[in-house]
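Peer 1: Input file: query_13.cif. Contents: mmCIF, C-alpha atoms.
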```
data_entry
#
loop_
_atom_site.label_atom_id
_atom_site.label_comp_id
_atom_site.auth_asym_id
_atom_site.auth_seq_id
_atom_site.Cartn_x
_atom_site.Cartn_y
_atom_site.Cartn_z
CA MET A 22 132.03 87.23 82.12
CA LYS A 23 131.44 85.58 85.52
CA HIS A 24 128.13 83.88 86.21
CA ALA A 25 126.57 84.05 89.62
CA PRO A 26 126.23 80.69 91.28
CA GLU A 27 122.72 79.33 91.45
CA ILE A 28 121.18 79.73 94.86
CA SER A 29 118.26 77.91 96.33
CA ARG A 30 114.94 79.40 97.36
CA ALA A 31 115.68 78.27 100.93
CA PHE A 32 118.96 80.20 100.91
CA VAL A 33 117.20 83.41 99.80
CA LEU A 34 114.42 82.99 102.37
CA GLU A 35 116.98 82.39 105.10
CA ALA A 36 118.77 85.60 104.15
CA ILE A 37 115.53 87.61 104.11
CA ASP A 38 114.47 86.13 107.43
CA ARG A 39 117.70 87.35 109.06
CA LEU A 40 117.31 90.95 107.89
CA PRO A 41 116.86 93.45 110.73
CA LEU A 42 113.64 94.73 109.17
CA GLY A 43 110.14 93.44 108.68
CA PHE A 44 109.42 91.93 105.28
CA ALA A 45 106.09 90.52 104.10
CA VAL A 46 104.37 89.50 100.89
CA PHE A 47 100.62 89.83 100.39
CA ASP A 48 98.59 88.39 97.52
CA ALA A 49 96.19 90.38 95.34
CA GLU A 50 93.38 89.84 97.90
CA GLN A 51 95.51 91.46 100.64
CA ARG A 52 96.20 88.11 102.36
CA LEU A 53 99.61 87.51 103.90
CA VAL A 54 101.41 84.71 102.07
CA TRP A 55 104.86 85.02 103.70
CA CYS A 56 106.68 87.14 106.28
CA ASN A 57 109.97 87.06 108.10
CA ASP A 58 110.50 86.83 111.86
CA ALA A 59 110.93 90.59 112.29
CA PHE A 60 107.58 91.30 110.62
CA ALA A 61 105.83 88.68 112.76
CA ALA A 62 107.52 89.86 115.97
CA PHE A 63 105.78 93.22 115.65
CA GLN A 64 102.51 91.27 115.67
CA GLU A 65 103.83 89.26 118.65
CA GLU A 66 103.27 86.05 116.71
CA GLU A 67 105.18 83.39 114.80
CA PRO A 68 105.24 83.90 111.02
CA SER A 69 103.28 80.70 110.34
CA SER A 70 100.36 81.85 112.52
CA LEU A 71 99.91 85.01 110.44
CA ILE A 72 99.68 83.35 107.02
CA GLY A 73 96.27 84.04 105.46
CA GLU A 74 95.55 87.10 107.61
CA THR A 75 94.48 90.18 105.67
CA ALA A 76 96.42 93.44 105.67
CA VAL A 77 93.44 95.10 107.35
CA SER A 78 93.25 92.54 110.16
CA LEU A 79 96.99 92.85 110.80
CA VAL A 80 96.77 96.64 111.01
CA MET A 81 93.70 96.47 113.27
CA ARG A 82 95.56 94.16 115.68
CA VAL A 83 98.39 96.66 116.21
CA LEU A 84 96.41 99.88 115.81
CA PRO A 85 96.22 100.50 119.58
CA ARG A 86 100.04 100.80 119.55
CA PHE A 87 100.03 103.56 116.90
CA ARG A 88 100.18 107.26 117.68
CA ALA A 89 97.37 108.03 115.27
CA PRO A 90 94.07 109.88 115.13
CA LYS A 91 91.22 108.17 116.94
CA VAL A 92 88.88 107.12 114.17
CA SER A 93 86.45 104.25 113.77
CA LYS A 94 87.44 100.82 112.49
CA ALA A 95 85.31 101.47 109.40
CA GLN A 96 87.31 104.65 108.69
CA TRP A 97 90.58 102.70 109.07
CA GLN A 98 89.21 100.02 106.74
CA THR A 99 88.40 102.67 104.13
CA TRP A 100 91.83 104.29 104.50
CA ILE A 101 93.68 100.95 104.25
CA ASP A 102 91.68 99.94 101.16
CA ALA A 103 92.46 103.30 99.51
CA TYR A 104 96.13 103.02 100.45
CA TRP A 105 96.29 99.47 99.07
CA SER A 106 94.72 100.61 95.80
CA GLY A 107 97.30 103.39 95.55
CA ILE A 108 100.12 100.89 96.01
CA ALA A 109 98.77 98.80 93.16
CA ARG A 110 98.85 101.92 90.98
CA ARG A 111 102.39 102.76 92.24
CA LYS A 112 101.14 105.96 93.81
CA GLN A 113 102.12 105.47 97.45
CA PRO A 114 105.39 106.86 98.76
CA PRO A 115 107.00 105.30 101.85
CA MET A 116 105.05 106.12 105.00
CA GLU A 117 106.41 106.99 108.45
CA ILE A 118 104.52 105.44 111.35
CA GLU A 119 104.96 106.53 114.96
CA LEU A 120 104.05 104.24 117.82
CA ALA A 121 102.83 105.45 121.20
CA ASP A 122 106.10 104.27 122.80
CA GLY A 123 108.15 106.62 120.58
CA THR A 124 109.26 103.98 118.08
CA TRP A 125 109.22 105.04 114.42
CA PHE A 126 108.93 102.83 111.34
CA LEU A 127 109.28 103.58 107.67
CA MET A 128 106.93 101.37 105.68
CA SER A 129 107.71 100.93 102.00
CA THR A 130 105.58 98.96 99.59
CA VAL A 131 106.24 97.50 96.17
CA PRO A 132 103.51 96.28 93.82
CA LEU A 133 104.22 92.85 92.36
CA PRO A 134 103.35 91.72 88.81
CA SER A 135 101.00 89.09 90.30
CA GLY A 136 98.85 91.82 91.85
CA GLY A 137 100.31 91.25 95.28
CA ILE A 138 102.38 93.64 97.33
CA ALA A 139 105.71 93.35 99.15
CA VAL A 140 106.02 95.36 102.36
CA VAL A 141 109.26 96.42 104.03
CA ARG A 142 109.13 97.94 107.51
CA THR A 143 112.34 99.57 108.79
CA ASP A 144 112.88 100.89 112.31
CA ILE A 145 113.93 104.53 111.91
CA THR A 146 113.68 105.49 115.58
CA GLU A 147 117.39 106.27 115.91
CA GLN A 148 117.36 108.44 112.78
CA LYS A 149 114.32 110.35 114.10
CA HIS A 150 116.04 110.97 117.44
CA LEU A 151 119.22 112.16 115.72
CA ALA A 152 117.21 114.48 113.47
CA THR A 153 115.54 115.97 116.56
CA LEU A 154 118.92 116.46 118.25
CA TYR A 155 120.34 118.21 115.18
CA ARG A 156 117.24 120.38 114.80
CA ASP A 157 117.32 121.34 118.51
CA ALA A 158 121.06 122.11 118.30
CA ASP A 159 120.46 124.25 115.22
CA SER A 160 117.67 126.21 116.89
CA THR A 161 119.91 127.16 119.83
CA ARG A 162 122.51 128.84 117.62
#
```
If you took the structure in this file and wrote it as structure tokens, what would it be?

Peer 2:
Amino acid sequence: MKHAPEISRAFVLEAIDRLPLGFAVFDAEQRLVWCNDAFAAFQEEEPSSLIGETAVSLVMRVLPRFRAPKVSKAQWQTWIDAYWSGIARRKQPPMEIELADGTWFLMSTVPLPSGGIAVVRTDITEQKHLATLYRDADSTR
């Protein structure tokens, strides 16, 4: 049986940082403890400047870019808290998010044994456009 070579934490973080998707880890109090460049780029910040921010504050910063119902900040806070609680109970499926510029993301979350949550955000814009093209082509038959 072959054994995998030991790899360093730095090697793993470098690999995650190069992924073409946003990746972030939040602690049990919803504070960001680590994110890759792609996650931070969506916030138009460097990863180090986001450490310690709460999930709610990060969402509120980018909310104007979402194509979403116009509701109060308090309503968003309530929704985010409920969503976060559902993640912790493993009851939240991946969520599609549409931005006002037509970009689409799929946000997946994974509860961690520590009480924290890992977030993966994948750009699915191309898949959404292809699905629309196929659906439109189908409807013209």

Peer 1: Could I get the residues of segment 54-94 of chain A with an atom no further than 12 Å from an atom of segment 101-122 of chain A, each paired with its nearest atom pair and that distance in Å to one decimal, using only C-alpha atoms, sorted by chain and residue number, as a tab-separated table?

Peer 2:
```
residue	atom	partner	partner_atom	distance
A:Phe63	CA	A:Leu120	CA	11.4
A:Thr75	CA	A:Ile101	CA	10.9
A:Ala76	CA	A:Ile101	CA	8.1
A:Val77	CA	A:Ile101	CA	6.6
A:Ser78	CA	A:Ile101	CA	10.3
A:Leu79	CA	A:Ile101	CA	10.9
A:Val80	CA	A:Ile101	CA	8.6
A:Met81	CA	A:Ile101	CA	10.1
A:Val83	CA	A:Leu120	CA	9.6
A:Leu84	CA	A:Leu120	CA	9.0
A:Pro85	CA	A:Ala121	CA	8.4
A:Arg86	CA	A:Leu120	CA	5.6
A:Phe87	CA	A:Leu120	CA	4.2
A:Arg88	CA	A:Ala121	CA	4.8
A:Ala89	CA	A:Glu119	CA	7.7
A:Pro90	CA	A:Glu119	CA	11.4
A:Lys94	CA	A:Ile101	CA	10.3
```

Peer 1: Evaluate the PyMOL selection byres ((chain A and resi 49) around 6) against this structure - the residues, as a list of chain:residue names, please.

Peer 2: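 Written out, the selection comes to A:Asp48, A:Glu50, A:Gln51, A:Gly136, A:Gly137.
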
Peer 1: Output the residue selection produced by the PyMOL selection byres ((chain A and resi 66-71) around 10) on the file above, formatted as an NGL selection string.

Peer 2: :A and (45 or 52-65 or 72-75 or 79)

Peer 1: I'd like the interatomic distance between atom CA of Thr143 of chain A and atom CA of Leu34 of chain A, to a tenth of an Å.

Peer 2: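 Rounded to one decimal, the two atoms are 17.9 Å apart.
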
Peer 1: Mind giving me the straight-line distance from atom CA of Ala95 of chain A to atom CA of Thr130 of chain A in Å, one decimal?

Peer 2: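 That distance, rounded to one decimal, is 22.7 Å.
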
Peer 1: Pick the closest to Val131 of chain A from A:Thr161, A:Phe44, A:Trp97, A:Glu147: which is it, counting only C-alpha atoms?

Peer 2: A:Phe44

Peer 1: Find the smallest box with edges along x, y and z containing every listed atom of segment 101-115 of chain A, then add 5 Å on each side and report centre and edge lengths in Å to one decimal, as JSON.

Peer 2:
```
{"center_x": 99.3, "center_y": 102.8, "center_z": 97.6, "size_x": 25.3, "size_y": 18.1, "size_z": 23.3}
```
